[in-house]
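Printed here is my_file.cif (mmCIF, C-alpha atoms):
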data_my_file
loop_
_atom_site.label_atom_id
_atom_site.label_comp_id
_atom_site.auth_asym_id
_atom_site.auth_seq_id
_atom_site.Cartn_x
_atom_site.Cartn_y
_atom_site.Cartn_z
CA MET D 225 47.86 108.59 81.84
CA ALA D 226 46.96 106.12 84.57
CA GLY D 227 43.50 107.67 84.82
CA ASN D 228 42.93 107.04 81.13
CA LEU D 229 43.85 103.38 81.61
CA LEU D 230 41.25 103.16 84.37
CA LYS D 231 38.65 104.76 82.12
CA ARG D 232 39.33 102.06 79.52
CA GLY D 233 38.67 99.36 82.11
CA TYR D 234 42.22 98.29 82.90
CA PRO D 235 42.69 97.23 86.54
CA LEU D 236 45.65 99.08 88.00
CA ILE D 237 48.03 98.48 90.88
CA VAL D 238 49.84 101.74 91.52
CA HIS D 239 52.83 103.05 93.45
CA SER D 240 54.62 106.39 93.64
CA ARG D 241 56.91 108.17 96.05
CA SER D 242 54.33 111.00 95.88
CA PRO D 243 51.18 109.94 97.76
CA GLY D 244 48.79 112.50 96.24
CA PRO D 245 48.46 110.99 92.75
CA VAL D 246 48.19 107.49 94.25
CA ASP D 247 45.37 108.64 96.53
CA GLU D 248 43.49 110.03 93.50
CA LEU D 249 43.89 106.80 91.54
CA VAL D 250 42.87 104.63 94.49
CA ALA D 251 39.75 106.75 94.88
CA ALA D 252 39.06 106.12 91.19
CA GLY D 253 39.35 102.34 91.59
CA ALA D 254 43.04 101.47 91.51
CA THR D 255 44.80 99.32 94.14
CA ARG D 256 47.67 100.73 96.16
CA ALA D 257 51.05 98.95 96.27
CA SER D 258 53.74 99.52 98.89
CA SER D 259 56.77 99.44 96.57
CA PRO D 260 57.89 98.76 93.00
CA ALA D 261 58.57 95.15 94.02
CA ASP D 262 55.03 94.90 95.41
CA VAL D 263 53.69 95.94 92.02
CA ALA D 264 55.91 93.41 90.23
CA ARG D 265 54.69 90.52 92.37
CA GLN D 266 51.09 91.09 91.28
CA VAL D 267 51.21 91.91 87.56
CA THR D 268 52.88 90.94 84.29
CA ARG D 269 52.49 94.32 82.59
CA ILE D 270 54.40 97.14 84.33
CA ILE D 271 54.56 100.81 83.29
CA THR D 272 57.13 103.21 84.71
CA MET D 273 57.18 106.99 84.22
CA LEU D 274 60.04 108.72 86.02
CA PRO D 275 62.10 111.92 85.71
CA ASP D 276 65.57 110.68 84.71
CA SER D 277 67.85 107.71 84.04
CA PRO D 278 69.01 107.26 87.68
CA ASP D 279 65.38 107.22 88.84
CA VAL D 280 64.51 104.42 86.42
CA GLU D 281 67.60 102.47 87.47
CA ARG D 282 66.66 102.87 91.14
CA VAL D 283 63.04 101.77 90.63
CA LEU D 284 64.02 98.74 88.57
CA GLU D 285 67.31 97.67 90.15
CA GLY D 286 67.04 99.04 93.69
CA PRO D 287 66.70 96.92 96.85
CA ASP D 288 62.89 96.89 96.63
CA GLY D 289 62.80 97.40 92.89
CA VAL D 290 60.86 95.78 90.10
CA PHE D 291 63.64 93.37 89.12
CA SER D 292 63.73 91.89 92.64
CA ALA D 293 60.23 90.46 92.26
CA MET D 294 59.45 90.50 88.54
CA GLN D 295 57.69 87.45 87.12
CA ARG D 296 58.97 85.65 84.04
CA GLY D 297 57.07 86.73 80.95
CA THR D 298 56.55 90.26 82.26
CA ILE D 299 56.51 93.10 79.73
CA LEU D 300 57.95 96.26 81.26
CA ILE D 301 57.09 99.53 79.52
CA ASP D 302 59.29 102.45 80.54
CA MET D 303 57.67 105.69 79.38
CA SER D 304 60.33 107.95 80.92
CA SER D 305 62.68 110.03 78.81
CA ILE D 306 66.11 108.60 79.60
CA ALA D 307 69.48 108.03 77.94
CA PRO D 308 69.23 105.50 75.08
CA ALA D 309 72.28 103.63 76.38
CA VAL D 310 70.60 103.18 79.77
CA ALA D 311 67.41 101.95 78.10
CA ARG D 312 69.39 99.34 76.16
CA ARG D 313 71.26 98.16 79.25
CA LEU D 314 68.09 97.80 81.30
CA ALA D 315 66.38 95.92 78.47
CA GLU D 316 69.27 93.45 78.45
CA SER D 317 69.00 93.06 82.22
CA ALA D 318 65.24 92.45 81.97
CA HIS D 319 65.82 89.87 79.23
CA ALA D 320 68.30 88.02 81.44
CA ARG D 321 65.50 87.73 84.02
CA GLY D 322 63.00 86.26 81.57
CA ALA D 323 61.15 89.51 80.88
CA THR D 324 60.92 92.02 78.05
CA MET D 325 61.42 95.75 78.34
CA LEU D 326 60.20 98.40 75.91
CA ASP D 327 61.36 102.01 75.94
CA ALA D 328 58.28 104.10 75.15
CA PRO D 329 58.81 107.82 75.78
CA VAL D 330 56.00 110.21 74.94
CA SER D 331 55.40 113.62 73.41
CA GLY D 332 52.38 115.85 73.79
CA GLY D 333 52.82 117.36 77.23
CA GLU D 334 50.27 117.64 79.99
CA ILE D 335 47.47 118.31 77.50
CA GLY D 336 48.24 115.11 75.59
CA ALA D 337 48.45 113.07 78.79
CA ILE D 338 45.09 114.33 80.03
CA ASN D 339 43.32 113.92 76.68
CA ALA D 340 44.96 110.57 75.78
CA THR D 341 46.40 112.06 72.59
CA LEU D 342 50.09 111.45 73.28
CA SER D 343 52.55 110.40 70.61
CA ILE D 344 54.35 107.30 71.89
CA MET D 345 57.65 106.23 70.31
CA VAL D 346 58.63 102.66 71.14
CA GLY D 347 61.84 100.68 71.05
CA GLY D 348 62.05 96.95 71.69
CA GLU D 349 60.78 93.58 70.47
CA ALA D 350 58.01 93.67 67.86
CA ALA D 351 56.09 90.81 69.47
CA ALA D 352 55.99 92.53 72.86
CA PHE D 353 54.94 95.79 71.23
CA ALA D 354 52.02 94.04 69.51
CA LEU D 355 50.88 92.56 72.82
CA VAL D 356 50.83 95.88 74.69
CA LYS D 357 49.76 98.24 71.90
CA PRO D 358 46.13 98.31 73.16
CA ILE D 359 47.48 99.54 76.51
CA LEU D 360 49.53 102.24 74.81
CA ASP D 361 46.57 103.18 72.60
CA ALA D 362 44.56 103.92 75.76
CA MET D 363 47.06 106.64 76.67
CA GLY D 364 47.89 108.01 73.24
CA ASN D 365 46.67 108.63 69.74
CA PRO D 366 46.65 105.10 68.22
CA GLU D 367 47.91 106.49 64.90
CA ARG D 368 50.87 108.01 66.74
CA VAL D 369 51.82 104.93 68.77
CA VAL D 370 54.75 103.80 66.65
CA ARG D 371 57.39 101.12 67.07
CA ILE D 372 60.60 102.82 65.95
CA GLY D 373 62.97 99.84 66.18
CA GLU D 374 64.94 97.75 68.65
CA SER D 375 65.74 98.65 72.28
CA GLY D 376 66.81 102.27 72.65
CA ALA D 377 65.23 103.37 69.38
CA GLY D 378 62.29 104.95 71.19
CA GLN D 379 64.68 107.04 73.25
CA ILE D 380 66.65 108.07 70.15
CA CYS D 381 63.36 109.22 68.63
CA LYS D 382 62.57 111.20 71.78
CA VAL D 383 65.97 112.92 71.53
CA CYS D 384 65.11 113.86 67.94
CA ASN D 385 61.72 115.11 69.13
CA GLN D 386 63.25 117.38 71.76
CA MET D 387 65.81 118.71 69.26
CA VAL D 388 63.06 119.69 66.81
CA ILE D 389 60.95 121.27 69.55
CA GLY D 390 63.95 123.18 70.91
CA GLY D 391 64.93 124.60 67.56
CA THR D 392 61.35 125.59 66.82
CA LEU D 393 60.82 127.12 70.27
CA ALA D 394 63.99 129.19 69.90
CA ALA D 395 62.89 130.44 66.47
CA VAL D 396 59.40 131.30 67.73
CA SER D 397 60.95 133.16 70.67
CA GLU D 398 63.26 135.09 68.35
CA ALA D 399 60.36 136.00 66.04
CA ILE D 400 58.25 137.34 68.91
CA THR D 401 61.29 139.22 70.21
CA LEU D 402 61.85 140.85 66.82
CA ALA D 403 58.18 141.85 66.52
CA ARG D 404 58.30 143.48 69.94
CA LYS D 405 61.58 145.31 69.20
CA ALA D 406 60.16 146.59 65.90
CA ALA D 407 56.99 147.81 67.68
CA VAL D 408 54.83 145.40 65.67
CA ASP D 409 51.99 143.54 67.42
CA PRO D 410 53.45 140.07 68.14
CA ALA D 411 49.96 138.59 68.55
CA LYS D 412 49.12 139.64 64.99
CA VAL D 413 52.43 138.23 63.77
CA ARG D 414 51.66 134.88 65.42
CA GLU D 415 48.14 134.91 63.98
CA ALA D 416 49.50 135.43 60.46
CA LEU D 417 52.23 132.80 60.84
CA LEU D 418 49.71 130.21 62.01
CA GLY D 419 47.98 130.54 58.64
CA GLY D 420 51.12 129.85 56.63
CA PHE D 421 53.97 127.40 56.22
CA ALA D 422 55.55 128.52 59.51
CA ALA D 423 52.60 127.09 61.45
CA SER D 424 53.49 124.55 64.14
CA ARG D 425 52.18 123.18 67.40
CA VAL D 426 55.00 125.04 69.17
CA LEU D 427 53.91 128.35 67.63
CA GLU D 428 50.29 127.63 68.50
CA VAL D 429 50.66 126.52 72.12
CA HIS D 430 53.95 128.01 73.31
CA GLY D 431 53.56 131.13 71.19
CA GLU D 432 50.41 131.93 73.13
CA ARG D 433 52.15 131.21 76.44
CA ILE D 434 54.98 133.56 75.51
CA LEU D 435 52.64 136.37 74.43
CA HIS D 436 50.86 136.29 77.80
CA GLY D 437 53.87 135.46 79.96
CA ASN D 438 52.05 132.37 81.18
CA TYR D 439 54.78 129.97 82.24
CA LYS D 440 52.74 127.77 84.57
CA PRO D 441 54.47 124.45 83.92
CA GLY D 442 53.02 121.91 81.57
CA PHE D 443 56.58 120.59 81.27
CA ARG D 444 59.16 122.05 83.62
CA ALA D 445 62.26 123.70 82.23
CA GLU D 446 64.48 121.61 84.50
CA LEU D 447 63.15 118.43 82.87
CA TYR D 448 63.70 119.89 79.43
CA ALA D 449 67.26 120.74 80.44
CA LYS D 450 67.69 117.10 81.44
CA ASP D 451 66.43 116.03 78.02
CA TYR D 452 68.93 118.37 76.37
CA ARG D 453 71.77 116.89 78.41
CA ILE D 454 70.70 113.49 77.07
CA ALA D 455 70.56 114.93 73.56
CA THR D 456 74.06 116.40 73.67
CA SER D 457 75.59 113.24 75.12
CA THR D 458 73.78 111.07 72.56
CA LEU D 459 74.94 113.31 69.72
CA ALA D 460 78.51 113.00 70.99
CA GLU D 461 78.19 109.22 71.33
CA HIS D 462 77.21 108.97 67.67
CA GLU D 463 79.59 111.70 66.45
CA THR D 464 76.69 113.66 64.99
CA PRO D 465 77.11 117.42 64.43
CA ALA D 466 74.14 119.52 65.55
CA PRO D 467 75.06 123.23 65.64
CA VAL D 468 71.46 124.41 66.05
CA THR D 469 70.91 122.08 69.00
CA ALA D 470 74.18 123.33 70.52
CA ALA D 471 72.93 126.92 70.34
CA VAL D 472 69.58 125.98 71.88
CA ASP D 473 71.42 124.09 74.62
CA GLN D 474 73.11 127.36 75.59
CA LEU D 475 69.72 129.10 75.80
CA VAL D 476 68.38 126.27 77.97
CA THR D 477 71.47 126.56 80.20
CA ALA D 478 70.88 130.31 80.50
CA LEU D 479 67.25 129.66 81.42
CA MET D 480 68.34 127.34 84.21
CA ALA D 481 70.94 129.86 85.40
CA SER D 482 68.20 132.51 85.59
CA GLY D 483 66.45 130.43 88.27
CA ARG D 484 63.40 129.52 86.17
CA GLY D 485 63.80 125.75 86.25
CA LYS D 486 60.35 125.25 87.78
CA ASP D 487 58.64 127.28 85.03
CA ASP D 488 57.39 125.83 81.77
CA TYR D 489 60.20 125.43 79.25
CA SER D 490 58.50 127.97 76.97
CA ALA D 491 60.05 130.50 79.39
CA LEU D 492 63.08 130.11 77.11
CA ALA D 493 61.67 133.23 75.44
CA THR D 494 62.52 135.28 78.54
CA ILE D 495 66.22 134.76 77.81
CA LEU D 496 65.76 136.30 74.35
CA PHE D 497 63.73 139.15 75.84
CA ASP D 498 66.51 139.82 78.35
CA MET D 499 69.16 139.79 75.64
CA ALA D 500 67.11 142.25 73.59
CA GLY D 501 66.52 144.56 76.56
CA LEU D 502 62.77 143.86 76.63
CA SER D 503 60.52 143.43 79.64
CA HIS D 504 58.66 140.19 80.22
CA PRO D 505 54.93 140.23 79.39
CA LEU D 506 52.80 139.86 82.50
CA SER D 507 50.69 136.75 82.78
CA SER D 508 47.00 137.23 82.02
CA SER D 509 46.10 133.99 83.77
#
File written out as structure tokens:
Amino acid sequence: MAGNLLKRGYPLIVHSRSPGPVDELVAAGATRASSPADVARQVTRIITMLPDSPDVERVLEGPDGVFSAMQRGTILIDMSSIAPAVARRLAESAHARGATMLDAPVSGGEIGAINATLSIMVGGEAAAFALVKPILDAMGNPERVVRIGESGAGQICKVCNQMVIGGTLAAVSEAITLARKAAVDPAKVREALLGGFAASRVLEVHGERILHGNYKPGFRAELYAKDYRIATSTLAEHETPAPVTAAVDQLVTALMASGRGKDDYSALATILFDMAGLSHPLSSS
């Protein structure tokens, strides 16, 4: 995502706890910063992308965090997938410091990040969104960079996104499991389904992964499990029944218990294979 900003001509000041990606970006023309606060001192547009709510809180509110050095008028764009309630609280804290914070989680996985085709779902002030939309467009599909509503709305949309993906992934996994149990070629089943109303991006991309047992992570299962924890707590907060999501949550929990948290989350299919007494296809990659 940062590389695509560089390609569009945006000057970048970058920081990460992982030096490798920073080294790559510096080699491509970015400037290295020593801390989140060091970034905040030098810019008025800040993008964060972190694993979970506590990480975002630490980077923004920590001793050498963004809030300790943030300039008035700054627009902070958090592209992490975090709890909506945390996003709203941090936006209020940013506002109290004379800045604006947008929650802007993404969908599209590693492929979308590399190809700048991400869907970006944004919560926060309309005026700030209009100012930074060209920046977001450089990382995503401009037609899929959408302001959903006020602070936290982007994160609510991301919860909905993960619920739909989870339900679809479980159904695709069950369909492939049934084909295998019935001694029908699952590749042919997938091919036929892709030509009909059951077609989906999940069936296309993750269906192929499942057929070949290729679980090299594009999005790690442990991160998806984190997203499902956010989903279940958000559903409870809003007293919203979601029995399908509850069932998928159990499959995700079983996947984590199987020790496959570092695999791609499409490895959810292995839980169905195990339950059906089937072996796991060997990776062809």
Written as a PyMOL selection string, what is the full residue list that the PyMOL selection byres ((chain D and resi 359-375) around 7) yields on the file shown? chain D and resi 225+228-229+232+311-312+315+326-327+337+340-349+356-358+376-378
Atom CA of D:Gln474 and atom CA of D:Leu459, how far apart in Å?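 According to the coordinates, atom CA of D:Leu459 and atom CA of D:Gln474 are separated by 15.3 Å.
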Fewer than 2 positions away in the same chain doesn't count, so skip those; otherwise give me all residues within 12 Å of D:Gly437, counting only C-alpha atoms, as a PyMOL selection string. chain D and resi 397+430-435+439-441+487-494+497+503-509
Can you tell me how far atom CA of D:Ala293 sits from atom CA of D:Lys450, in Å to one decimal?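 Going from atom CA of D:Ala293 over to atom CA of D:Lys450 covers 29.7 Å.
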Choose the residue, out of D:Ala318, D:Val267, D:Ala422, D:Met480, that has the smallest atom-to-atom separation from D:Arg444; count all atoms listed in the file.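 Closest residue, counting all atoms listed in the file: D:Met480.
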Contacts of D:Ala471 within 9 Å, all atoms listed in the file, excl. fewer than 5 positions in-chain, as a compact mmCIF listing (two decimals) with C-alpha atoms, in the frame of the given file:
# COMPACT_ATOMS: atom_id res chain seq x y z
CA GLY D 391 64.93 124.60 67.56
CA ALA D 466 74.14 119.52 65.55
CA VAL D 476 68.38 126.27 77.97
Between atom CA of D:Arg269 and atom CA of D:Ala354, measure the distance and give it in Å to one decimal.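 Taking atom CA of D:Arg269 as the start and atom CA of D:Ala354 as the end point, the length is 13.1 Å.
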Pick the closest to D:Leu274 from D:Ala328, D:Ala423, D:Ala406, D:Leu249: which is it, counting all atoms listed in the file?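 Between D:Ala328, D:Ala423, D:Ala406, D:Leu249, the residue approaching D:Leu274 most closely is D:Ala328.
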Here's a test: counting all atoms listed in the file, identify every protein, DNA and RNA residue with an atom at most 8 Å from (59.2, 94.7, 92.5) in the file's coordinate frame, and state them as a VMD selection string. chain D and resid 259 to 265 284 288 to 294
Evaluated on this file, the PyMOL selection byres ((chain D and resi 236) around 6) picks out some residues - which ones are they, written as a PyMOL selection string? chain D and resi 235+237+254
Given the choices D:Met273, D:Asn339, D:Gly420, D:Ser240, which gets closest to D:Gly227 if the distance is worked out from all atoms listed in the file?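 For D:Gly227, the nearest of the candidates is D:Asn339.
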Taking all atoms listed in the file into account, which of D:Val280, D:Leu479, D:Leu427, D:Ala445 comes nearest D:Glu415?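 For D:Glu415, the nearest of the candidates is D:Leu427.
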Looking at only C-alpha atoms, which of D:Ser305, D:Thr392, D:Thr401, D:Ser482 is the one that sits closest to D:Val468?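 Residue with the minimum atom-to-atom distance to D:Val468: D:Thr392.
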Which residues, named as in the file, does the PyMOL selection byres ((chain D and resi 299) around 7) pick out? Answer as a VMD selection string. chain D and resid 268 to 270 297 to 298 300 to 301 323 to 325 352
With all atoms of stretch 296-307 of chain D from the file as input, state the centre and edge lengths in Å to one decimal of the axis-aligned box that has 6 Å extra on each side, as JSON.
{"center_x": 63.0, "center_y": 97.8, "center_z": 81.0, "size_x": 25.0, "size_y": 36.4, "size_z": 18.1}
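Shortest atom-to-atom contact with D:Thr469 among D:His436, D:Ala351, D:Ile389, D:Ala481: D:Ile389, counting only C-alpha atoms.
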Quick one: residues within 8 Å of (75.2, 120.9, 78.2) (file frame), counting all atoms listed in the file, please, as a VMD selection string. chain D and resid 452 to 453 456 473 to 474 477
